[in-house]
Each structure stands twice: as C-alpha cells, then as structure tokens.
>>> print(open('protein.cif').read())   # mmCIF, C-alpha atoms
data_protein
loop_
_atom_site.label_atom_id
_atom_site.label_comp_id
_atom_site.auth_asym_id
_atom_site.auth_seq_id
_atom_site.Cartn_x
_atom_site.Cartn_y
_atom_site.Cartn_z
CA MET I 1 -47.71 16.14 -30.62
CA SER I 2 -47.83 18.60 -27.72
CA GLU I 3 -47.66 15.70 -25.25
CA LYS I 4 -44.41 14.48 -26.82
CA LEU I 5 -42.91 17.95 -26.65
CA PHE I 6 -43.88 18.16 -22.98
CA VAL I 7 -42.15 14.87 -22.13
CA LEU I 8 -38.88 15.62 -23.95
CA PRO I 9 -37.38 18.05 -21.38
CA PHE I 10 -37.85 15.46 -18.66
CA VAL I 11 -36.02 12.85 -20.78
CA VAL I 12 -33.13 15.25 -21.25
CA LEU I 13 -33.00 15.96 -17.54
CA LEU I 14 -33.02 12.24 -16.76
CA LEU I 15 -30.15 11.56 -19.15
CA SER I 16 -28.19 14.46 -17.65
CA ALA I 17 -28.71 13.11 -14.15
CA CYS I 18 -27.39 9.71 -15.22
CA SER I 19 -24.23 11.05 -16.88
CA VAL I 20 -20.91 10.27 -15.23
CA SER I 21 -19.59 13.18 -13.21
CA PRO I 22 -15.88 13.80 -12.58
CA VAL I 23 -14.49 11.99 -9.55
CA SER I 24 -13.74 14.13 -6.49
CA VAL I 25 -10.87 13.37 -4.13
CA ASP I 26 -11.91 11.28 -1.13
CA PRO I 27 -10.05 12.71 1.88
CA LYS I 28 -10.48 9.44 3.78
CA ALA I 29 -8.82 7.34 1.07
CA SER I 30 -5.14 7.09 0.20
CA PHE I 31 -3.67 9.00 -2.73
CA ALA I 32 -3.19 5.67 -4.53
CA LEU I 33 -6.82 4.65 -4.10
CA ASN I 34 -7.99 8.07 -5.27
CA VAL I 35 -6.00 7.67 -8.50
CA VAL I 36 -7.43 4.25 -9.38
CA LYS I 37 -10.94 5.36 -8.42
CA ALA I 38 -10.60 8.31 -10.77
CA ALA I 39 -9.51 5.87 -13.49
CA ARG I 40 -12.41 3.58 -12.47
CA MET I 41 -10.09 0.59 -12.09
CA ASP I 42 -10.41 0.13 -8.33
CA HIS I 43 -11.98 -3.34 -8.49
CA ARG I 44 -10.33 -5.50 -5.79
CA LEU I 45 -8.12 -2.59 -4.72
CA LYS I 46 -8.66 -1.14 -1.27
CA ASP I 47 -6.74 0.58 1.50
CA LYS I 48 -5.09 -1.23 4.38
CA LEU I 49 -5.27 0.45 7.79
CA LEU I 50 -1.89 0.53 9.56
CA PRO I 51 -0.67 2.16 12.79
CA LYS I 52 0.74 5.59 12.03
CA ASP I 53 3.88 5.06 14.12
CA THR I 54 4.67 1.87 12.18
CA VAL I 55 4.53 3.63 8.82
CA SER I 56 6.39 6.72 10.00
CA SER I 57 9.22 4.52 11.28
CA PHE I 58 10.36 4.16 7.67
CA THR I 59 11.91 7.52 6.94
CA ASP I 60 12.85 6.94 3.28
CA SER I 61 10.91 9.73 1.55
CA ALA I 62 10.70 7.78 -1.71
CA GLY I 63 9.11 4.87 0.10
CA PHE I 64 11.71 2.20 -0.63
CA GLY I 65 11.91 1.13 3.02
CA LEU I 66 8.19 0.51 3.06
CA ALA I 67 8.44 -1.35 -0.25
CA TYR I 68 10.99 -3.74 1.22
CA ALA I 69 8.91 -4.22 4.35
CA ALA I 70 5.66 -4.76 2.50
CA SER I 71 7.34 -7.36 0.32
CA GLY I 72 8.81 -9.22 3.28
CA TYR I 73 12.49 -8.49 2.62
CA THR I 74 13.31 -8.00 6.29
CA THR I 75 17.06 -8.37 5.84
CA SER I 76 17.07 -4.95 4.18
CA LEU I 77 15.53 -3.29 7.23
CA PRO I 78 18.13 -2.92 9.98
CA GLY I 79 16.63 -2.27 13.38
CA PHE I 80 13.38 -4.10 12.68
CA ASN I 81 12.67 -7.71 13.53
CA PRO I 82 10.23 -9.93 11.57
CA THR I 83 7.50 -9.47 14.18
CA GLU I 84 7.64 -5.68 13.79
CA VAL I 85 7.41 -5.69 10.01
CA ILE I 86 4.91 -8.50 9.54
CA GLY I 87 2.06 -6.00 9.83
CA LEU I 88 3.42 -4.19 6.82
CA ASN I 89 3.14 -7.21 4.56
CA PHE I 90 -0.24 -5.94 3.42
CA ALA I 91 -0.44 -7.48 -0.05
CA ALA I 92 -2.23 -10.60 1.19
CA TRP I 93 -5.67 -9.09 0.61
CA LEU I 94 -5.08 -8.96 -3.15
CA LEU I 95 -6.19 -12.51 -3.90
CA ALA I 96 -6.05 -13.72 -7.50
CA PRO I 97 -5.86 -10.26 -9.04
CA LYS I 98 -7.25 -9.85 -12.52
CA PRO I 99 -6.73 -7.12 -15.11
CA PRO I 100 -6.46 -4.23 -14.88
CA SER I 101 -5.20 -4.40 -11.28
CA ALA I 102 -2.88 -7.31 -12.12
CA ARG I 103 -0.87 -5.47 -14.77
CA ASN I 104 1.44 -2.47 -14.86
CA SER I 105 -0.06 0.55 -16.56
CA VAL I 106 0.36 4.22 -17.34
CA ILE I 107 -2.63 6.28 -16.20
CA ALA I 108 -2.81 9.80 -17.60
CA TRP I 109 -5.16 12.70 -18.20
CA MET I 110 -3.54 15.02 -20.74
CA PRO I 111 -4.92 18.59 -20.83
CA ASP I 112 -6.59 19.53 -24.11
CA SER I 113 -4.07 22.32 -24.55
CA LEU I 114 -1.21 19.78 -24.76
CA ALA I 115 -2.93 17.33 -27.10
CA ALA I 116 -2.62 19.32 -30.33
CA GLY I 117 -1.09 17.17 -33.03
CA GLY I 118 -1.99 13.93 -31.27
CA ALA I 119 -2.28 13.07 -27.59
CA GLU I 120 -0.57 9.70 -28.05
CA ASP I 121 2.56 11.00 -29.76
CA ASN I 122 2.77 13.89 -27.30
CA LEU I 123 2.60 11.54 -24.30
CA ALA I 124 5.31 9.42 -25.91
CA ASP I 125 7.54 12.51 -26.18
CA ILE I 126 6.86 13.42 -22.53
CA LEU I 127 7.67 9.90 -21.30
CA LEU I 128 10.77 9.62 -23.48
CA GLU I 129 12.18 12.92 -22.25
CA GLY I 130 11.24 12.19 -18.63
CA ALA I 131 12.87 8.76 -18.80
CA SER I 132 16.03 10.21 -20.32
CA GLN I 133 16.32 12.78 -17.54
CA GLY I 134 15.49 10.23 -14.85
CA VAL I 135 18.09 7.75 -16.09
CA ALA I 136 20.70 10.51 -16.22
CA ALA I 137 19.82 11.55 -12.66
CA LEU I 138 20.69 8.01 -11.53
CA GLY I 139 24.15 8.31 -13.08
CA TYR I 140 23.57 6.44 -16.34
CA THR I 141 23.93 7.57 -19.92
CA ALA I 142 20.50 7.53 -21.56
CA LYS I 143 20.00 6.25 -25.08
CA LYS I 144 16.56 6.87 -26.56
CA SER I 145 14.77 4.31 -28.70
CA ILE I 146 11.64 4.71 -30.85
CA ALA I 147 9.91 1.80 -32.57
CA GLY I 148 9.80 1.47 -36.34
CA GLY I 149 13.28 2.84 -36.78
CA GLY I 150 12.32 6.07 -35.08
CA THR I 151 8.94 6.53 -36.77
CA ASP I 152 6.46 4.75 -34.48
CA LYS I 153 5.93 6.45 -31.13
CA SER I 154 3.47 3.82 -29.94
CA GLY I 155 6.58 2.18 -28.52
CA VAL I 156 9.42 4.19 -26.98
CA GLY I 157 12.16 3.40 -24.51
CA VAL I 158 15.44 4.40 -22.95
CA TYR I 159 18.52 2.22 -22.49
CA LEU I 160 20.61 2.66 -19.35
CA LEU I 161 24.29 2.67 -20.28
CA GLY I 162 26.82 2.23 -17.47
CA PRO I 163 30.60 1.97 -17.27
CA GLU I 164 32.57 -1.14 -18.12
CA GLY I 165 32.04 -3.91 -15.60
CA SER I 166 28.69 -2.55 -14.37
CA LEU I 167 25.31 -4.25 -14.60
CA CYS I 168 24.42 -1.97 -17.50
CA GLU I 169 27.75 -2.08 -19.32
CA GLU I 170 27.49 -0.76 -22.86
CA ASN I 171 27.98 -3.50 -25.47
CA LYS I 172 29.70 -3.27 -28.85
CA ASN I 173 26.42 -2.25 -30.49
CA GLY I 174 26.00 0.74 -28.19
CA TYR I 175 23.22 -0.77 -26.09
CA SER I 176 22.93 -2.69 -22.81
CA GLY I 177 20.67 -5.21 -21.10
CA CYS I 178 19.14 -2.46 -18.96
CA TRP I 179 16.18 -0.47 -20.22
CA THR I 180 12.72 0.81 -19.53
CA ASN I 181 10.08 1.18 -22.20
CA PHE I 182 6.58 2.52 -22.72
CA VAL I 183 3.72 1.33 -24.91
CA ILE I 184 1.29 4.13 -25.77
CA ARG I 185 -2.25 3.35 -26.85
CA ASP I 186 -5.28 5.40 -27.89
CA ALA I 187 -6.59 8.08 -25.57
CA LYS I 188 -10.25 9.09 -25.19
CA GLN I 189 -11.32 12.71 -25.10
CA LYS I 190 -13.18 13.72 -21.93
CA ASP I 191 -15.16 16.88 -21.26
CA GLN I 192 -14.35 16.77 -17.55
CA THR I 193 -11.26 15.72 -15.63
CA PRO I 194 -11.00 14.08 -12.17
CA GLU I 195 -9.87 16.32 -9.35
CA ILE I 196 -6.78 14.17 -8.66
CA ALA I 197 -5.27 15.22 -12.02
CA GLY I 198 -4.77 18.74 -10.70
CA PHE I 199 -6.55 20.78 -13.37
CA ASN I 200 -10.03 21.56 -14.63
CA GLY I 201 -11.53 21.27 -18.08
CA GLY I 202 -11.23 18.76 -20.87
CA SER I 203 -8.55 16.11 -21.18
CA TRP I 204 -7.42 13.06 -23.09
CA PHE I 205 -7.63 9.98 -20.90
CA PHE I 206 -5.29 7.00 -21.27
CA ASP I 207 -7.54 4.28 -19.87
CA PRO I 208 -5.83 1.45 -17.93
CA LYS I 209 -9.00 -0.67 -18.19
CA ALA I 210 -8.90 -0.84 -21.98
CA SER I 211 -7.96 -4.15 -23.58
CA ASN I 212 -5.28 -2.24 -25.48
CA TYR I 213 -3.80 -0.10 -22.70
CA SER I 214 -0.75 2.11 -22.11
CA ARG I 215 1.99 0.59 -19.98
CA PHE I 216 5.64 0.56 -18.93
CA GLY I 217 8.07 -2.32 -18.83
CA PHE I 218 11.53 -3.62 -17.95
CA PRO I 219 13.62 -6.60 -19.15
CA LYS I 220 12.14 -9.97 -18.21
CA LYS I 221 15.34 -10.96 -16.42
CA ASN I 222 16.39 -8.47 -13.76
CA ALA I 223 20.15 -8.33 -13.37
CA GLY I 224 19.91 -6.66 -9.96
CA LEU I 225 18.56 -3.21 -10.73
CA ASN I 226 16.02 -1.53 -8.46
CA GLU I 227 13.22 -0.98 -10.97
CA LEU I 228 11.15 0.96 -8.46
CA GLU I 229 14.02 3.40 -8.10
CA ILE I 230 14.08 3.86 -11.88
CA LEU I 231 10.33 4.55 -11.99
CA VAL I 232 10.62 7.08 -9.21
CA ALA I 233 13.50 8.84 -10.97
CA VAL I 234 11.55 8.98 -14.25
CA SER I 235 8.40 10.25 -12.54
CA GLN I 236 10.35 13.17 -11.11
CA PHE I 237 10.44 14.68 -14.59
CA LEU I 238 6.81 14.02 -15.55
CA PRO I 239 3.74 16.23 -15.05
CA GLN I 240 1.34 15.68 -12.18
CA TRP I 241 -1.28 14.09 -14.43
CA VAL I 242 0.89 11.07 -15.33
CA TYR I 243 0.80 8.08 -12.93
CA PHE I 244 2.50 4.70 -12.95
CA TYR I 245 0.36 1.92 -11.51
CA VAL I 246 2.58 -0.93 -10.30
CA ALA I 247 0.83 -4.28 -9.99
CA PRO I 248 1.92 -6.89 -7.40
CA ARG I 249 5.01 -8.90 -8.44
CA LYS I 250 5.46 -7.01 -11.70
CA ILE I 251 8.62 -5.03 -10.91
CA ASN I 252 11.67 -5.82 -8.77
CA LEU I 253 13.69 -4.14 -6.05
CA GLY I 254 16.67 -6.25 -7.09
CA HIS I 255 17.42 -9.73 -8.35
CA GLU I 256 14.42 -11.95 -7.54
CA GLN I 257 12.98 -9.35 -5.17
CA PRO I 258 9.52 -8.52 -6.57
CA VAL I 259 7.44 -5.72 -5.10
CA LYS I 260 4.48 -7.67 -3.77
CA ALA I 261 2.18 -4.75 -2.98
CA PRO I 262 0.30 -2.60 -5.51
CA LEU I 263 1.32 1.05 -5.57
CA ILE I 264 1.24 4.32 -7.50
CA VAL I 265 4.35 6.27 -8.49
CA ASN I 266 3.86 9.98 -9.16
CA GLN I 267 6.33 12.87 -9.22
CA ALA I 268 9.14 11.14 -7.32
CA GLN I 269 6.84 9.72 -4.64
CA VAL I 270 5.69 6.17 -3.97
CA HIS I 271 2.08 5.94 -2.83
CA TYR I 272 0.69 2.81 -1.18
CA PHE I 273 -2.86 1.63 -0.68
CA ILE I 274 -2.70 2.35 3.03
CA THR I 275 -4.26 4.73 5.50
CA THR I 276 -2.98 5.30 9.01
CA GLU I 277 -4.72 5.12 12.35
#
>>> encode(input="protein.cif", output="structure tokens")
Amino acid sequence: MSEKLFVLPFVVLLLSACSVSPVSVDPKASFALNVVKAARMDHRLKDKLLPKDTVSSFTDSAGFGLAYAASGYTTSLPGFNPTEVIGLNFAAWLLAPKPPSARNSVIAWMPDSLAAGGAEDNLADILLEGASQGVAALGYTAKKSIAGGGTDKSGVGVYLLGPEGSLCEENKNGYSGCWTNFVIRDAKQKDQTPEIAGFNGGSWFFDPKASNYSRFGFPKKNAGLNELEILVAVSQFLPQWVYFYVAPRKINLGHEQPVKAPLIVNQAQVHYFITTE
C-alpha cells in the first residue's frame, strides 16, 4: 500500500507535464501563422519568405493590393508588370489542401466573462451586430436574418440592400442577392487561452478543426462584389479574439476573381502567411 502511495505523486507530475500548454506567439512567424498554430490547424500551412521592398510596394493598408497580386490579377495593379508580381503568387505551395485548411472558418476564443447564457448564442449576436455595422460602413442598408424564423442563432446573416439598379438592389420581398452569413457551432471551454487572443484566463474555443465547425459564407454566384472587402468591414466591428480564416479559392475579389492565397482577417486587417526578408 505504501509503495502505491509513493508512486502516485510521480504519476500526477507526469500527467501534468504532458498536458497541453497555451500557445505563445512566435515572433519569427507571421500573424496569420500564429493564429492557426494557436488553433492547432496549421497542417500544410506555412509562411512564404518575400523581399520586404516587394511587399511594402503595395500600400493598401487593408491588403487588397497584395490580394490581387497573390492571386495573379495583374491588370488591377498599375505600375507593376507580370515579372514583378510573379513572386507574390505564393499560393502554389498549398498543394491539394484538405480540411480544415481548405475551408473558410470562424476561429474564436470567447472570454469566460462574455459566455454567460451561452457562448454560441453570444457569438452569434456579436457577429450579427458586427456584420450589420460593417455592411452599413460600406454604404449598404443592412437587414438581419436569424434562422428558424428568428429563433435559431446557429445560423445568422445580413443582407446587403443597395439602391435600384445596383448589384444588391432590393427586391419586392425586401431582400437582395447579396448577403453574408455565419454558422455557429459548439464551443469548448478551455482553462487557458493562447497569447494571440489578447487576454489571459479561461475561454470558450470555437474549434475550426471540428467536423461541425463555425464558418462564414457568401452566395455561391458572385455578382461582382469584393467579398474580402466585406469581411474586412465586418471584422472592424468585432473583438480581437474573433478571426476569419479564408481558404484558397473560397471567396472572391469580384466576378470570377477568387482569392487564391490563404489569409486571416482580423480587426480590419488582412494578414497573409508571409514573412519578409
């Protein structure tokens, strides 16, 4: 009996040593890579090293210029020839991506203090309000939508209503063909939170690796809207701990102009999987 009691503390220590510790920010990695590492979904995702002067040549603070370049849409980059931008087409390393890096997702760590009453419904409220404000900031009228006739917050969205003759012209039913939506799935409570989330303590984690995961979406047929611009506008009104992961070829910069590179959108900034020399 005494021998068993003697061994037990060592077993406890061993289990403690094997527990998963919160992820610290890697100063050598990009912001985007730090986010997916914290979410432990960085399989097949890595940084691309680019010359600093090449990246800094694109002065668009939201990163749209770099998005066009990385996707090969050189006609939208006056002053740059194909030879100059070819180095920016850095999506080629992502060969045959598989979930979760091949699908759009919402990554979030909600502080315990904000999860009272249900982390899932509360995140839905945050996304719905942020989307409404973001759509309005782009000059549209926002019309909120909640699944189940307004009772099921596992699916929420916002319609973009524009003036007559516009891409998002309001129809006779009060809607349009332009919208963004969010699917909210179960969160897992965590005792510790990754450093990238910007706060300490416990949180509720919306895991992008789960088979049933939280995500955002747009209409299947893009009428010409810049969906990246919409995401950036929405993210401006969201807390630091909410991130949009954009998978290659899953959103568009315009009609038949998919964003070919993976990226993270957070608080009105576009973050790429790149580091500079």
>>> residues_around(input="protein.cif", residues="I:Ala147", least_positions_apart="6", cutoff="9 Å", atoms="all atoms listed in the file", output="mmCIF file with C-alpha atoms, in the frame of the given file")
data_model
loop_
_atom_site.group_PDB
_atom_site.id
_atom_site.type_symbol
_atom_site.label_atom_id
_atom_site.label_comp_id
_atom_site.auth_asym_id
_atom_site.auth_seq_id
_atom_site.Cartn_x
_atom_site.Cartn_y
_atom_site.Cartn_z
ATOM 1 C CA LYS I 153 5.930 6.450 -31.130
ATOM 2 C CA SER I 154 3.470 3.820 -29.940
ATOM 3 C CA GLY I 155 6.580 2.180 -28.520
ATOM 4 C CA VAL I 156 9.420 4.190 -26.980
ATOM 5 C CA GLY I 157 12.160 3.400 -24.510
#
>>> atom_distance(input="protein.cif", atom1="atom CA of I:Asp152", atom2="atom CA of I:Gly134")
22.3 Å
>>> closest_residue(input="protein.cif", among="I:Leu238, I:Ala108, I:Leu225, I:Ala136", to="I:Ser166", atoms="all atoms listed in the file")
I:Leu225
>>> resolve_selection(input="protein.cif", expression="the PyMOL selection byres ((chain I and resi 30) around 9)", output="PyMOL selection string")
chain I and resi 26-29+31-35+47+271-275
>>> atom_distance(input="protein.cif", atom1="atom CA of I:Thr141", atom2="atom CA of I:Leu160")
6.0 Å
>>> residues_near_point(input="protein.cif", point="(-0.2, 3.5, -16.2)", cutoff="7 Å", atoms="all atoms listed in the file", output="PyMOL selection string")
chain I and resi 104-108+208+214-215+243-245
>>> closest_residue(input="protein.cif", among="I:Cys178, I:Ile196, I:Val55, I:Leu45", to="I:Ala261", atoms="all atoms listed in the file")
I:Leu45
>>> atom_distance(input="protein.cif", atom1="atom CA of I:Arg185", atom2="atom CA of I:Asp207")
8.8 Å
>>> closest_residue(input="protein.cif", among="I:Ala38, I:Ala115, I:Val158, I:Ala69", to="I:Trp204", atoms="only C-alpha atoms")
I:Ala115
>>> resolve_selection(input="protein.cif", expression="the PyMOL selection byres ((chain I and resi 276) around 6)", output="list in words")
Leu49, Leu50, Pro51, Lys52, Thr275 and Glu277 of chain I
>>> residues_near_point(input="protein.cif", point="(8.9, 9.5, -25.4)", cutoff="12 Å", atoms="only C-alpha atoms", output="ChimeraX atom specification")
/I:119-133,143-147,150-158,180-184,216,234,238
>>> decode(input="protein.cif", residues="stretch 209-237 of chain I", atoms="C-alpha atoms", output="mmCIF file, in the first residue's frame")
data_model
loop_
_atom_site.group_PDB
_atom_site.id
_atom_site.type_symbol
_atom_site.label_atom_id
_atom_site.label_comp_id
_atom_site.auth_asym_id
_atom_site.auth_seq_id
_atom_site.Cartn_x
_atom_site.Cartn_y
_atom_site.Cartn_z
ATOM 1 C CA LYS I 209 -10.773 21.548 -36.816
ATOM 2 C CA ALA I 210 -14.069 20.106 -35.597
ATOM 3 C CA SER I 211 -16.185 18.164 -38.067
ATOM 4 C CA ASN I 212 -19.036 20.511 -37.175
ATOM 5 C CA TYR I 213 -17.264 23.875 -37.241
ATOM 6 C CA SER I 214 -18.162 27.577 -37.205
ATOM 7 C CA ARG I 215 -17.884 29.372 -40.537
ATOM 8 C CA PHE I 216 -18.883 32.297 -42.732
ATOM 9 C CA GLY I 217 -20.286 32.290 -46.233
ATOM 10 C CA PHE I 218 -21.422 34.259 -49.280
ATOM 11 C CA PRO I 219 -23.766 33.468 -52.206
ATOM 12 C CA LYS I 220 -22.465 30.724 -54.493
ATOM 13 C CA LYS I 221 -22.683 33.032 -57.502
ATOM 14 C CA ASN I 222 -20.753 36.259 -57.039
ATOM 15 C CA ALA I 223 -22.357 39.130 -58.906
ATOM 16 C CA GLY I 224 -19.199 41.242 -58.738
ATOM 17 C CA LEU I 225 -18.874 42.108 -55.067
ATOM 18 C CA ASN I 226 -15.496 42.183 -53.342
ATOM 19 C CA GLU I 227 -16.140 39.627 -50.615
ATOM 20 C CA LEU I 228 -12.779 40.276 -48.996
ATOM 21 C CA GLU I 229 -13.757 43.920 -48.605
ATOM 22 C CA ILE I 230 -16.970 42.841 -46.868
ATOM 23 C CA LEU I 231 -15.076 40.581 -44.452
ATOM 24 C CA VAL I 232 -12.647 43.355 -43.627
ATOM 25 C CA ALA I 233 -15.502 45.794 -42.988
ATOM 26 C CA VAL I 234 -17.270 43.305 -40.708
ATOM 27 C CA SER I 235 -14.083 42.495 -38.799
ATOM 28 C CA GLN I 236 -13.643 46.174 -37.979
ATOM 29 C CA PHE I 237 -16.539 45.869 -35.540
#
